[in-house]
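To keep things clear, I will list the structure first and then write my remarks on it.
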Protein chains: 2
Amino acid sequence: MIAKTPEPPYYAVIFTTVLSDDIKGYAEMSDRMVEFVKMQEGFLGYESAREEIGITISYWDSLESIAKWRNHSEHTIAREKGISRWYSSFKTRVCKVERDNGFVKEV
Amino acid sequence: MIAKTPEPPYYAVIFTTVLSDDIKGYAEMSDRMVEFVKMQEGFLGYESAREEIGITISYWDSLESIAKWRNHSEHTIAREKGISRWYSSFKTRVCKVERDNGFVKEV
């Protein structure tokens, strides 16, 4: 689903990953993180797809909300496991969304 | 591949799409756009994945470079076909990347 975000400005965290060969427990953690992030203050939505690389973008009302999610205890544990085990490489980019446009076709 | 981008700040265009049932010609156009965008001045790299939704992120040195790509004649034709035919919905978000971090594991 394309995230229904408010009028800009707001923030986006682009999280790009390549998985390692050892992905035991990864899917369960990923599902748990989705449940947790939805409860975070200032969370506006997310978009995700994986082929050769995985891209997950979360949208936020402020840098403060992003920092709180970064310091969330379960998220910290997941991130450390990701770095030590699940990801062979990753990149996180924190961005300010300055403008947007788009459409949803009527069916 | 995770894009090798320079030190922030730089710009990202997040392009999120849901395909319609009519995707004749879509894959060819998509491949052509990749070839064209790589030749654009100020283009820094891109990342792409599709499952339920497609996410393509292109990275740029400036808003001016993004505007030039937006006005590129072949890109304009592709965008119009996308809107009229290939996409059932899409969203484009223009962002300033303020900071990033990541790692590539040594193999």
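Convention: chains lettered A, B, ... in structure tokens order; per-chain residue numbering from 1; ligands numbered from 1 as shown.
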
### Message
Excluding B:His72 and its own-chain neighbours fewer than 4 positions away, which residues fall within 12 Å of it when counting only C-alpha atoms? Please give them as a list of chain:residue names.
### Response
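The residues that qualify are B:Met33, B:Phe36, B:Val37, B:Met39, B:Gln40, B:Glu41, B:Ser65, B:Ile66, B:Ala67, B:Lys68, B:Thr76, B:Ile77, B:Ala78, B:Arg79.
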
What are the coordinates of chain B as a PDB file with N, CA and C atoms, in the first residue's frame following a least-squares fit to chain A on all in-order C-alpha atoms?
ATOM      1  N   MET B   1       0.853  -1.215   0.007  1.00  0.00           N
ATOM      2  CA  MET B   1       0.022   0.002  -0.003  1.00  0.00           C
ATOM      3  C   MET B   1       0.906   1.247   0.007  1.00  0.00           C
ATOM      4  N   ILE B   2       0.497   2.214  -0.794  1.00  0.00           N
ATOM      5  CA  ILE B   2       1.169   3.508  -0.764  1.00  0.00           C
ATOM      6  C   ILE B   2       0.703   4.242   0.495  1.00  0.00           C
ATOM      7  N   ALA B   3       1.670   4.746   1.264  1.00  0.00           N
ATOM      8  CA  ALA B   3       1.332   5.394   2.540  1.00  0.00           C
ATOM      9  C   ALA B   3       0.543   6.677   2.304  1.00  0.00           C
ATOM     10  N   LYS B   4      -0.491   6.869   3.127  1.00  0.00           N
ATOM     11  CA  LYS B   4      -1.297   8.101   3.056  1.00  0.00           C
ATOM     12  C   LYS B   4      -0.687   9.116   4.000  1.00  0.00           C
ATOM     13  N   THR B   5       0.168   9.937   3.477  1.00  0.00           N
ATOM     14  CA  THR B   5       0.896  10.912   4.287  1.00  0.00           C
ATOM     15  C   THR B   5       0.240  12.285   4.161  1.00  0.00           C
ATOM     16  N   PRO B   6       0.495  13.150   5.165  1.00  0.00           N
ATOM     17  CA  PRO B   6      -0.112  14.493   5.142  1.00  0.00           C
ATOM     18  C   PRO B   6       0.614  15.417   4.154  1.00  0.00           C
ATOM     19  N   GLU B   7       0.179  16.648   4.085  1.00  0.00           N
ATOM     20  CA  GLU B   7       0.881  17.647   3.278  1.00  0.00           C
ATOM     21  C   GLU B   7       2.322  17.808   3.779  1.00  0.00           C
ATOM     22  N   PRO B   8       3.299  17.899   2.902  1.00  0.00           N
ATOM     23  CA  PRO B   8       4.667  18.180   3.344  1.00  0.00           C
ATOM     24  C   PRO B   8       4.725  19.572   3.995  1.00  0.00           C
ATOM     25  N   PRO B   9       5.750  19.817   4.824  1.00  0.00           N
ATOM     26  CA  PRO B   9       6.886  18.942   5.096  1.00  0.00           C
ATOM     27  C   PRO B   9       6.609  17.891   6.160  1.00  0.00           C
ATOM     28  N   TYR B  10       7.243  16.733   5.980  1.00  0.00           N
ATOM     29  CA  TYR B  10       7.303  15.696   7.001  1.00  0.00           C
ATOM     30  C   TYR B  10       8.614  14.949   6.757  1.00  0.00           C
ATOM     31  N   TYR B  11       8.851  13.869   7.454  1.00  0.00           N
ATOM     32  CA  TYR B  11      10.147  13.201   7.348  1.00  0.00           C
ATOM     33  C   TYR B  11      10.018  11.762   6.859  1.00  0.00           C
ATOM     34  N   ALA B  12      11.061  11.280   6.185  1.00  0.00           N
ATOM     35  CA  ALA B  12      11.111   9.899   5.709  1.00  0.00           C
ATOM     36  C   ALA B  12      12.429   9.279   6.154  1.00  0.00           C
ATOM     37  N   VAL B  13      12.385   8.040   6.588  1.00  0.00           N
ATOM     38  CA  VAL B  13      13.603   7.267   6.825  1.00  0.00           C
ATOM     39  C   VAL B  13      13.630   6.153   5.782  1.00  0.00           C
ATOM     40  N   ILE B  14      14.609   6.239   4.886  1.00  0.00           N
ATOM     41  CA  ILE B  14      14.769   5.225   3.837  1.00  0.00           C
ATOM     42  C   ILE B  14      15.767   4.191   4.364  1.00  0.00           C
ATOM     43  N   PHE B  15      15.306   2.948   4.476  1.00  0.00           N
ATOM     44  CA  PHE B  15      16.142   1.882   5.047  1.00  0.00           C
ATOM     45  C   PHE B  15      16.304   0.816   3.963  1.00  0.00           C
ATOM     46  N   THR B  16      17.520   0.696   3.439  1.00  0.00           N
ATOM     47  CA  THR B  16      17.801  -0.211   2.330  1.00  0.00           C
ATOM     48  C   THR B  16      18.711  -1.321   2.830  1.00  0.00           C
ATOM     49  N   THR B  17      18.366  -2.579   2.513  1.00  0.00           N
ATOM     50  CA  THR B  17      19.126  -3.696   3.069  1.00  0.00           C
ATOM     51  C   THR B  17      19.403  -4.776   2.017  1.00  0.00           C
ATOM     52  N   VAL B  18      20.507  -5.476   2.219  1.00  0.00           N
ATOM     53  CA  VAL B  18      20.761  -6.731   1.513  1.00  0.00           C
ATOM     54  C   VAL B  18      20.869  -7.793   2.588  1.00  0.00           C
ATOM     55  N   LEU B  19      20.089  -8.861   2.464  1.00  0.00           N
ATOM     56  CA  LEU B  19      20.096  -9.909   3.488  1.00  0.00           C
ATOM     57  C   LEU B  19      21.314 -10.816   3.344  1.00  0.00           C
ATOM     58  N   SER B  20      21.774 -11.341   4.448  1.00  0.00           N
ATOM     59  CA  SER B  20      22.851 -12.337   4.452  1.00  0.00           C
ATOM     60  C   SER B  20      22.247 -13.721   4.187  1.00  0.00           C
ATOM     61  N   ASP B  21      23.043 -14.771   4.295  1.00  0.00           N
ATOM     62  CA  ASP B  21      22.534 -16.131   4.130  1.00  0.00           C
ATOM     63  C   ASP B  21      21.844 -16.626   5.404  1.00  0.00           C
ATOM     64  N   ASP B  22      22.050 -15.914   6.507  1.00  0.00           N
ATOM     65  CA  ASP B  22      21.524 -16.350   7.802  1.00  0.00           C
ATOM     66  C   ASP B  22      20.327 -15.485   8.190  1.00  0.00           C
ATOM     67  N   ILE B  23      19.123 -15.886   7.744  1.00  0.00           N
ATOM     68  CA  ILE B  23      17.950 -15.044   8.021  1.00  0.00           C
ATOM     69  C   ILE B  23      16.989 -15.717   9.008  1.00  0.00           C
ATOM     70  N   LYS B  24      17.523 -16.678   9.781  1.00  0.00           N
ATOM     71  CA  LYS B  24      16.690 -17.307  10.803  1.00  0.00           C
ATOM     72  C   LYS B  24      16.164 -16.239  11.775  1.00  0.00           C
ATOM     73  N   GLY B  25      14.860 -16.171  11.934  1.00  0.00           N
ATOM     74  CA  GLY B  25      14.264 -15.214  12.863  1.00  0.00           C
ATOM     75  C   GLY B  25      13.986 -13.846  12.262  1.00  0.00           C
ATOM     76  N   TYR B  26      14.452 -13.629  11.041  1.00  0.00           N
ATOM     77  CA  TYR B  26      14.311 -12.302  10.433  1.00  0.00           C
ATOM     78  C   TYR B  26      12.843 -11.934  10.178  1.00  0.00           C
ATOM     79  N   ALA B  27      12.075 -12.844   9.579  1.00  0.00           N
ATOM     80  CA  ALA B  27      10.686 -12.531   9.210  1.00  0.00           C
ATOM     81  C   ALA B  27       9.852 -12.207  10.453  1.00  0.00           C
ATOM     82  N   GLU B  28      10.068 -12.976  11.534  1.00  0.00           N
ATOM     83  CA  GLU B  28       9.323 -12.744  12.773  1.00  0.00           C
ATOM     84  C   GLU B  28       9.654 -11.363  13.342  1.00  0.00           C
ATOM     85  N   MET B  29      10.961 -11.046  13.351  1.00  0.00           N
ATOM     86  CA  MET B  29      11.369  -9.734  13.855  1.00  0.00           C
ATOM     87  C   MET B  29      10.748  -8.624  13.013  1.00  0.00           C
ATOM     88  N   SER B  30      10.782  -8.816  11.719  1.00  0.00           N
ATOM     89  CA  SER B  30      10.263  -7.791  10.809  1.00  0.00           C
ATOM     90  C   SER B  30       8.778  -7.525  11.091  1.00  0.00           C
ATOM     91  N   ASP B  31       8.005  -8.603  11.262  1.00  0.00           N
ATOM     92  CA  ASP B  31       6.578  -8.460  11.580  1.00  0.00           C
ATOM     93  C   ASP B  31       6.371  -7.742  12.922  1.00  0.00           C
ATOM     94  N   ARG B  32       7.215  -8.098  13.896  1.00  0.00           N
ATOM     95  CA  ARG B  32       7.109  -7.455  15.213  1.00  0.00           C
ATOM     96  C   ARG B  32       7.413  -5.962  15.130  1.00  0.00           C
ATOM     97  N   MET B  33       8.412  -5.609  14.341  1.00  0.00           N
ATOM     98  CA  MET B  33       8.779  -4.196  14.219  1.00  0.00           C
ATOM     99  C   MET B  33       7.639  -3.393  13.581  1.00  0.00           C
ATOM    100  N   VAL B  34       6.953  -4.000  12.614  1.00  0.00           N
ATOM    101  CA  VAL B  34       5.807  -3.317  12.002  1.00  0.00           C
ATOM    102  C   VAL B  34       4.740  -3.035  13.061  1.00  0.00           C
ATOM    103  N   GLU B  35       4.481  -4.036  13.915  1.00  0.00           N
ATOM    104  CA  GLU B  35       3.479  -3.831  14.965  1.00  0.00           C
ATOM    105  C   GLU B  35       3.905  -2.716  15.925  1.00  0.00           C
ATOM    106  N   PHE B  36       5.198  -2.726  16.311  1.00  0.00           N
ATOM    107  CA  PHE B  36       5.689  -1.706  17.246  1.00  0.00           C
ATOM    108  C   PHE B  36       5.679  -0.311  16.623  1.00  0.00           C
ATOM    109  N   VAL B  37       6.139  -0.224  15.380  1.00  0.00           N
ATOM    110  CA  VAL B  37       6.296   1.111  14.788  1.00  0.00           C
ATOM    111  C   VAL B  37       4.937   1.793  14.625  1.00  0.00           C
ATOM    112  N   LYS B  38       3.908   0.985  14.361  1.00  0.00           N
ATOM    113  CA  LYS B  38       2.567   1.559  14.186  1.00  0.00           C
ATOM    114  C   LYS B  38       2.053   2.231  15.458  1.00  0.00           C
ATOM    115  N   MET B  39       2.599   1.824  16.604  1.00  0.00           N
ATOM    116  CA  MET B  39       2.166   2.407  17.875  1.00  0.00           C
ATOM    117  C   MET B  39       2.991   3.629  18.259  1.00  0.00           C
ATOM    118  N   GLN B  40       4.042   3.934  17.488  1.00  0.00           N
ATOM    119  CA  GLN B  40       4.923   5.038  17.855  1.00  0.00           C
ATOM    120  C   GLN B  40       4.255   6.391  17.620  1.00  0.00           C
ATOM    121  N   GLU B  41       4.484   7.292  18.543  1.00  0.00           N
ATOM    122  CA  GLU B  41       3.993   8.662  18.380  1.00  0.00           C
ATOM    123  C   GLU B  41       4.681   9.300  17.175  1.00  0.00           C
ATOM    124  N   GLY B  42       3.911   9.945  16.326  1.00  0.00           N
ATOM    125  CA  GLY B  42       4.509  10.660  15.200  1.00  0.00           C
ATOM    126  C   GLY B  42       4.713   9.817  13.961  1.00  0.00           C
ATOM    127  N   PHE B  43       4.382   8.527  14.032  1.00  0.00           N
ATOM    128  CA  PHE B  43       4.517   7.641  12.869  1.00  0.00           C
ATOM    129  C   PHE B  43       3.378   7.940  11.895  1.00  0.00           C
ATOM    130  N   LEU B  44       3.710   8.107  10.620  1.00  0.00           N
ATOM    131  CA  LEU B  44       2.700   8.494   9.625  1.00  0.00           C
ATOM    132  C   LEU B  44       2.360   7.396   8.624  1.00  0.00           C
ATOM    133  N   GLY B  45       3.214   6.343   8.547  1.00  0.00           N
ATOM    134  CA  GLY B  45       2.955   5.280   7.576  1.00  0.00           C
ATOM    135  C   GLY B  45       4.259   4.680   7.092  1.00  0.00           C
ATOM    136  N   TYR B  46       4.158   3.594   6.317  1.00  0.00           N
ATOM    137  CA  TYR B  46       5.377   3.005   5.762  1.00  0.00           C
ATOM    138  C   TYR B  46       5.061   2.312   4.447  1.00  0.00           C
ATOM    139  N   GLU B  47       6.140   2.098   3.686  1.00  0.00           N
ATOM    140  CA  GLU B  47       6.070   1.398   2.405  1.00  0.00           C
ATOM    141  C   GLU B  47       7.249   0.439   2.357  1.00  0.00           C
ATOM    142  N   SER B  48       7.041  -0.750   1.767  1.00  0.00           N
ATOM    143  CA  SER B  48       8.104  -1.740   1.800  1.00  0.00           C
ATOM    144  C   SER B  48       8.011  -2.664   0.600  1.00  0.00           C
ATOM    145  N   ALA B  49       9.155  -3.047   0.046  1.00  0.00           N
ATOM    146  CA  ALA B  49       9.229  -4.041  -1.031  1.00  0.00           C
ATOM    147  C   ALA B  49      10.625  -4.647  -1.018  1.00  0.00           C
ATOM    148  N   ARG B  50      10.712  -5.928  -1.399  1.00  0.00           N
ATOM    149  CA  ARG B  50      12.022  -6.581  -1.463  1.00  0.00           C
ATOM    150  C   ARG B  50      12.137  -7.392  -2.734  1.00  0.00           C
ATOM    151  N   GLU B  51      13.235  -7.184  -3.459  1.00  0.00           N
ATOM    152  CA  GLU B  51      13.645  -8.105  -4.536  1.00  0.00           C
ATOM    153  C   GLU B  51      15.126  -8.392  -4.282  1.00  0.00           C
ATOM    154  N   GLU B  52      15.996  -7.926  -5.167  1.00  0.00           N
ATOM    155  CA  GLU B  52      17.439  -8.089  -4.905  1.00  0.00           C
ATOM    156  C   GLU B  52      17.832  -7.367  -3.620  1.00  0.00           C
ATOM    157  N   ILE B  53      17.275  -6.173  -3.449  1.00  0.00           N
ATOM    158  CA  ILE B  53      17.448  -5.436  -2.191  1.00  0.00           C
ATOM    159  C   ILE B  53      16.071  -5.211  -1.560  1.00  0.00           C
ATOM    160  N   GLY B  54      16.084  -4.946  -0.275  1.00  0.00           N
ATOM    161  CA  GLY B  54      14.856  -4.585   0.413  1.00  0.00           C
ATOM    162  C   GLY B  54      14.851  -3.088   0.676  1.00  0.00           C
ATOM    163  N   ILE B  55      13.713  -2.460   0.439  1.00  0.00           N
ATOM    164  CA  ILE B  55      13.561  -1.032   0.728  1.00  0.00           C
ATOM    165  C   ILE B  55      12.363  -0.877   1.653  1.00  0.00           C
ATOM    166  N   THR B  56      12.577  -0.271   2.811  1.00  0.00           N
ATOM    167  CA  THR B  56      11.477   0.072   3.699  1.00  0.00           C
ATOM    168  C   THR B  56      11.585   1.558   4.002  1.00  0.00           C
ATOM    169  N   ILE B  57      10.503   2.273   3.770  1.00  0.00           N
ATOM    170  CA  ILE B  57      10.479   3.709   4.058  1.00  0.00           C
ATOM    171  C   ILE B  57       9.435   3.944   5.130  1.00  0.00           C
ATOM    172  N   SER B  58       9.836   4.563   6.239  1.00  0.00           N
ATOM    173  CA  SER B  58       8.854   4.960   7.248  1.00  0.00           C
ATOM    174  C   SER B  58       8.746   6.485   7.219  1.00  0.00           C
ATOM    175  N   TYR B  59       7.533   6.971   7.455  1.00  0.00           N
ATOM    176  CA  TYR B  59       7.263   8.414   7.411  1.00  0.00           C
ATOM    177  C   TYR B  59       6.925   8.911   8.807  1.00  0.00           C
ATOM    178  N   TRP B  60       7.389  10.132   9.124  1.00  0.00           N
ATOM    179  CA  TRP B  60       7.327  10.663  10.486  1.00  0.00           C
ATOM    180  C   TRP B  60       6.998  12.140  10.498  1.00  0.00           C
ATOM    181  N   ASP B  61       6.444  12.567  11.632  1.00  0.00           N
ATOM    182  CA  ASP B  61       6.091  13.984  11.742  1.00  0.00           C
ATOM    183  C   ASP B  61       7.271  14.867  12.106  1.00  0.00           C
ATOM    184  N   SER B  62       8.335  14.281  12.685  1.00  0.00           N
ATOM    185  CA  SER B  62       9.446  15.115  13.172  1.00  0.00           C
ATOM    186  C   SER B  62      10.698  14.271  13.391  1.00  0.00           C
ATOM    187  N   LEU B  63      11.835  14.943  13.486  1.00  0.00           N
ATOM    188  CA  LEU B  63      13.098  14.257  13.810  1.00  0.00           C
ATOM    189  C   LEU B  63      13.052  13.700  15.234  1.00  0.00           C
ATOM    190  N   GLU B  64      12.305  14.349  16.108  1.00  0.00           N
ATOM    191  CA  GLU B  64      12.175  13.869  17.496  1.00  0.00           C
ATOM    192  C   GLU B  64      11.500  12.488  17.514  1.00  0.00           C
ATOM    193  N   SER B  65      10.443  12.317  16.714  1.00  0.00           N
ATOM    194  CA  SER B  65       9.762  11.026  16.664  1.00  0.00           C
ATOM    195  C   SER B  65      10.683   9.945  16.097  1.00  0.00           C
ATOM    196  N   ILE B  66      11.487  10.304  15.116  1.00  0.00           N
ATOM    197  CA  ILE B  66      12.453   9.351  14.539  1.00  0.00           C
ATOM    198  C   ILE B  66      13.473   8.939  15.606  1.00  0.00           C
ATOM    199  N   ALA B  67      13.933   9.901  16.379  1.00  0.00           N
ATOM    200  CA  ALA B  67      14.922   9.608  17.429  1.00  0.00           C
ATOM    201  C   ALA B  67      14.326   8.688  18.492  1.00  0.00           C
ATOM    202  N   LYS B  68      13.064   8.921  18.855  1.00  0.00           N
ATOM    203  CA  LYS B  68      12.413   8.058  19.857  1.00  0.00           C
ATOM    204  C   LYS B  68      12.288   6.623  19.343  1.00  0.00           C
ATOM    205  N   TRP B  69      11.933   6.469  18.094  1.00  0.00           N
ATOM    206  CA  TRP B  69      11.830   5.117  17.514  1.00  0.00           C
ATOM    207  C   TRP B  69      13.210   4.462  17.447  1.00  0.00           C
ATOM    208  N   ARG B  70      14.212   5.240  17.103  1.00  0.00           N
ATOM    209  CA  ARG B  70      15.569   4.709  17.063  1.00  0.00           C
ATOM    210  C   ARG B  70      15.982   4.162  18.438  1.00  0.00           C
ATOM    211  N   ASN B  71      15.537   4.810  19.494  1.00  0.00           N
ATOM    212  CA  ASN B  71      15.936   4.413  20.851  1.00  0.00           C
ATOM    213  C   ASN B  71      14.971   3.436  21.516  1.00  0.00           C
ATOM    214  N   HIS B  72      13.905   3.056  20.829  1.00  0.00           N
ATOM    215  CA  HIS B  72      12.947   2.068  21.328  1.00  0.00           C
ATOM    216  C   HIS B  72      13.706   0.765  21.623  1.00  0.00           C
ATOM    217  N   SER B  73      13.459   0.182  22.798  1.00  0.00           N
ATOM    218  CA  SER B  73      14.294  -0.946  23.240  1.00  0.00           C
ATOM    219  C   SER B  73      14.218  -2.148  22.289  1.00  0.00           C
ATOM    220  N   GLU B  74      13.016  -2.520  21.858  1.00  0.00           N
ATOM    221  CA  GLU B  74      12.885  -3.683  20.965  1.00  0.00           C
ATOM    222  C   GLU B  74      13.519  -3.392  19.600  1.00  0.00           C
ATOM    223  N   HIS B  75      13.387  -2.151  19.168  1.00  0.00           N
ATOM    224  CA  HIS B  75      13.978  -1.757  17.892  1.00  0.00           C
ATOM    225  C   HIS B  75      15.506  -1.805  17.964  1.00  0.00           C
ATOM    226  N   THR B  76      16.030  -1.427  19.103  1.00  0.00           N
ATOM    227  CA  THR B  76      17.487  -1.454  19.289  1.00  0.00           C
ATOM    228  C   THR B  76      18.008  -2.889  19.234  1.00  0.00           C
ATOM    229  N   ILE B  77      17.298  -3.806  19.877  1.00  0.00           N
ATOM    230  CA  ILE B  77      17.691  -5.219  19.843  1.00  0.00           C
ATOM    231  C   ILE B  77      17.630  -5.750  18.411  1.00  0.00           C
ATOM    232  N   ALA B  78      16.547  -5.428  17.719  1.00  0.00           N
ATOM    233  CA  ALA B  78      16.387  -5.884  16.327  1.00  0.00           C
ATOM    234  C   ALA B  78      17.508  -5.331  15.444  1.00  0.00           C
ATOM    235  N   ARG B  79      17.847  -4.061  15.652  1.00  0.00           N
ATOM    236  CA  ARG B  79      18.896  -3.429  14.835  1.00  0.00           C
ATOM    237  C   ARG B  79      20.240  -4.125  15.066  1.00  0.00           C
ATOM    238  N   GLU B  80      20.511  -4.434  16.325  1.00  0.00           N
ATOM    239  CA  GLU B  80      21.788  -5.084  16.632  1.00  0.00           C
ATOM    240  C   GLU B  80      21.868  -6.491  16.035  1.00  0.00           C
ATOM    241  N   LYS B  81      20.748  -7.217  16.082  1.00  0.00           N
ATOM    242  CA  LYS B  81      20.733  -8.548  15.442  1.00  0.00           C
ATOM    243  C   LYS B  81      20.877  -8.419  13.939  1.00  0.00           C
ATOM    244  N   GLY B  82      20.242  -7.407  13.378  1.00  0.00           N
ATOM    245  CA  GLY B  82      20.346  -7.160  11.941  1.00  0.00           C
ATOM    246  C   GLY B  82      21.786  -6.933  11.532  1.00  0.00           C
ATOM    247  N   ILE B  83      22.473  -6.102  12.292  1.00  0.00           N
ATOM    248  CA  ILE B  83      23.859  -5.771  11.958  1.00  0.00           C
ATOM    249  C   ILE B  83      24.766  -6.984  12.142  1.00  0.00           C
ATOM    250  N   SER B  84      24.535  -7.752  13.212  1.00  0.00           N
ATOM    251  CA  SER B  84      25.436  -8.878  13.489  1.00  0.00           C
ATOM    252  C   SER B  84      25.123 -10.104  12.638  1.00  0.00           C
ATOM    253  N   ARG B  85      23.873 -10.233  12.153  1.00  0.00           N
ATOM    254  CA  ARG B  85      23.466 -11.495  11.552  1.00  0.00           C
ATOM    255  C   ARG B  85      22.737 -11.369  10.217  1.00  0.00           C
ATOM    256  N   TRP B  86      21.621 -10.638  10.186  1.00  0.00           N
ATOM    257  CA  TRP B  86      20.703 -10.739   9.046  1.00  0.00           C
ATOM    258  C   TRP B  86      21.130  -9.953   7.817  1.00  0.00           C
ATOM    259  N   TYR B  87      21.801  -8.818   8.028  1.00  0.00           N
ATOM    260  CA  TYR B  87      22.119  -7.953   6.887  1.00  0.00           C
ATOM    261  C   TYR B  87      23.571  -8.122   6.453  1.00  0.00           C
ATOM    262  N   SER B  88      23.770  -8.287   5.143  1.00  0.00           N
ATOM    263  CA  SER B  88      25.155  -8.228   4.659  1.00  0.00           C
ATOM    264  C   SER B  88      25.539  -6.780   4.359  1.00  0.00           C
ATOM    265  N   SER B  89      24.558  -5.950   4.090  1.00  0.00           N
ATOM    266  CA  SER B  89      24.809  -4.507   4.050  1.00  0.00           C
ATOM    267  C   SER B  89      23.496  -3.764   4.249  1.00  0.00           C
ATOM    268  N   PHE B  90      23.587  -2.544   4.732  1.00  0.00           N
ATOM    269  CA  PHE B  90      22.390  -1.720   4.865  1.00  0.00           C
ATOM    270  C   PHE B  90      22.773  -0.250   4.791  1.00  0.00           C
ATOM    271  N   LYS B  91      21.772   0.548   4.534  1.00  0.00           N
ATOM    272  CA  LYS B  91      21.959   2.002   4.542  1.00  0.00           C
ATOM    273  C   LYS B  91      20.682   2.627   5.085  1.00  0.00           C
ATOM    274  N   THR B  92      20.833   3.579   5.994  1.00  0.00           N
ATOM    275  CA  THR B  92      19.704   4.339   6.517  1.00  0.00           C
ATOM    276  C   THR B  92      19.889   5.794   6.106  1.00  0.00           C
ATOM    277  N   ARG B  93      18.843   6.371   5.535  1.00  0.00           N
ATOM    278  CA  ARG B  93      18.918   7.785   5.129  1.00  0.00           C
ATOM    279  C   ARG B  93      17.730   8.527   5.751  1.00  0.00           C
ATOM    280  N   VAL B  94      18.019   9.571   6.481  1.00  0.00           N
ATOM    281  CA  VAL B  94      16.980  10.387   7.102  1.00  0.00           C
ATOM    282  C   VAL B  94      16.766  11.624   6.227  1.00  0.00           C
ATOM    283  N   CYS B  95      15.506  11.819   5.806  1.00  0.00           N
ATOM    284  CA  CYS B  95      15.200  12.834   4.787  1.00  0.00           C
ATOM    285  C   CYS B  95      14.032  13.706   5.224  1.00  0.00           C
ATOM    286  N   LYS B  96      14.054  14.924   4.762  1.00  0.00           N
ATOM    287  CA  LYS B  96      12.904  15.817   4.896  1.00  0.00           C
ATOM    288  C   LYS B  96      12.141  15.822   3.569  1.00  0.00           C
ATOM    289  N   VAL B  97      10.871  15.430   3.601  1.00  0.00           N
ATOM    290  CA  VAL B  97      10.055  15.434   2.382  1.00  0.00           C
ATOM    291  C   VAL B  97       9.584  16.865   2.146  1.00  0.00           C
ATOM    292  N   GLU B  98      10.009  17.444   1.036  1.00  0.00           N
ATOM    293  CA  GLU B  98       9.728  18.858   0.778  1.00  0.00           C
ATOM    294  C   GLU B  98       8.477  19.059  -0.065  1.00  0.00           C
ATOM    295  N   ARG B  99       8.207  18.111  -0.969  1.00  0.00           N
ATOM    296  CA  ARG B  99       6.946  18.196  -1.730  1.00  0.00           C
ATOM    297  C   ARG B  99       6.575  16.819  -2.251  1.00  0.00           C
ATOM    298  N   ASP B 100       5.314  16.648  -2.591  1.00  0.00           N
ATOM    299  CA  ASP B 100       4.892  15.367  -3.148  1.00  0.00           C
ATOM    300  C   ASP B 100       3.735  15.583  -4.105  1.00  0.00           C
ATOM    301  N   ASN B 101       3.464  14.583  -4.921  1.00  0.00           N
ATOM    302  CA  ASN B 101       2.257  14.577  -5.733  1.00  0.00           C
ATOM    303  C   ASN B 101       1.953  13.145  -6.132  1.00  0.00           C
ATOM    304  N   GLY B 102       0.732  12.916  -6.625  1.00  0.00           N
ATOM    305  CA  GLY B 102       0.378  11.564  -7.009  1.00  0.00           C
ATOM    306  C   GLY B 102      -1.104  11.463  -7.272  1.00  0.00           C
ATOM    307  N   PHE B 103      -1.550  10.260  -7.539  1.00  0.00           N
ATOM    308  CA  PHE B 103      -2.972  10.060  -7.744  1.00  0.00           C
ATOM    309  C   PHE B 103      -3.336   8.603  -7.448  1.00  0.00           C
ATOM    310  N   VAL B 104      -4.596   8.390  -7.169  1.00  0.00           N
ATOM    311  CA  VAL B 104      -5.165   7.050  -7.054  1.00  0.00           C
ATOM    312  C   VAL B 104      -6.293   6.994  -8.065  1.00  0.00           C
ATOM    313  N   LYS B 105      -6.199   6.050  -9.007  1.00  0.00           N
ATOM    314  CA  LYS B 105      -7.232   5.961 -10.036  1.00  0.00           C
ATOM    315  C   LYS B 105      -8.528   5.438  -9.443  1.00  0.00           C
ATOM    316  N   GLU B 106      -9.630   6.035  -9.842  1.00  0.00           N
ATOM    317  CA  GLU B 106     -10.937   5.529  -9.423  1.00  0.00           C
ATOM    318  C   GLU B 106     -11.189   4.237 -10.176  1.00  0.00           C
ATOM    319  N   VAL B 107     -11.646   3.211  -9.448  1.00  0.00           N
ATOM    320  CA  VAL B 107     -11.899   1.915 -10.104  1.00  0.00           C
ATOM    321  C   VAL B 107     -13.379   1.788 -10.423  1.00  0.00           C
TER     322      VAL B 107
END

### Query
What residues in chain A get the DSSP label helix (DSSP H, G or I)? Please answer as a ChimeraX atom specification.
/A:26-38,63-71,73-86
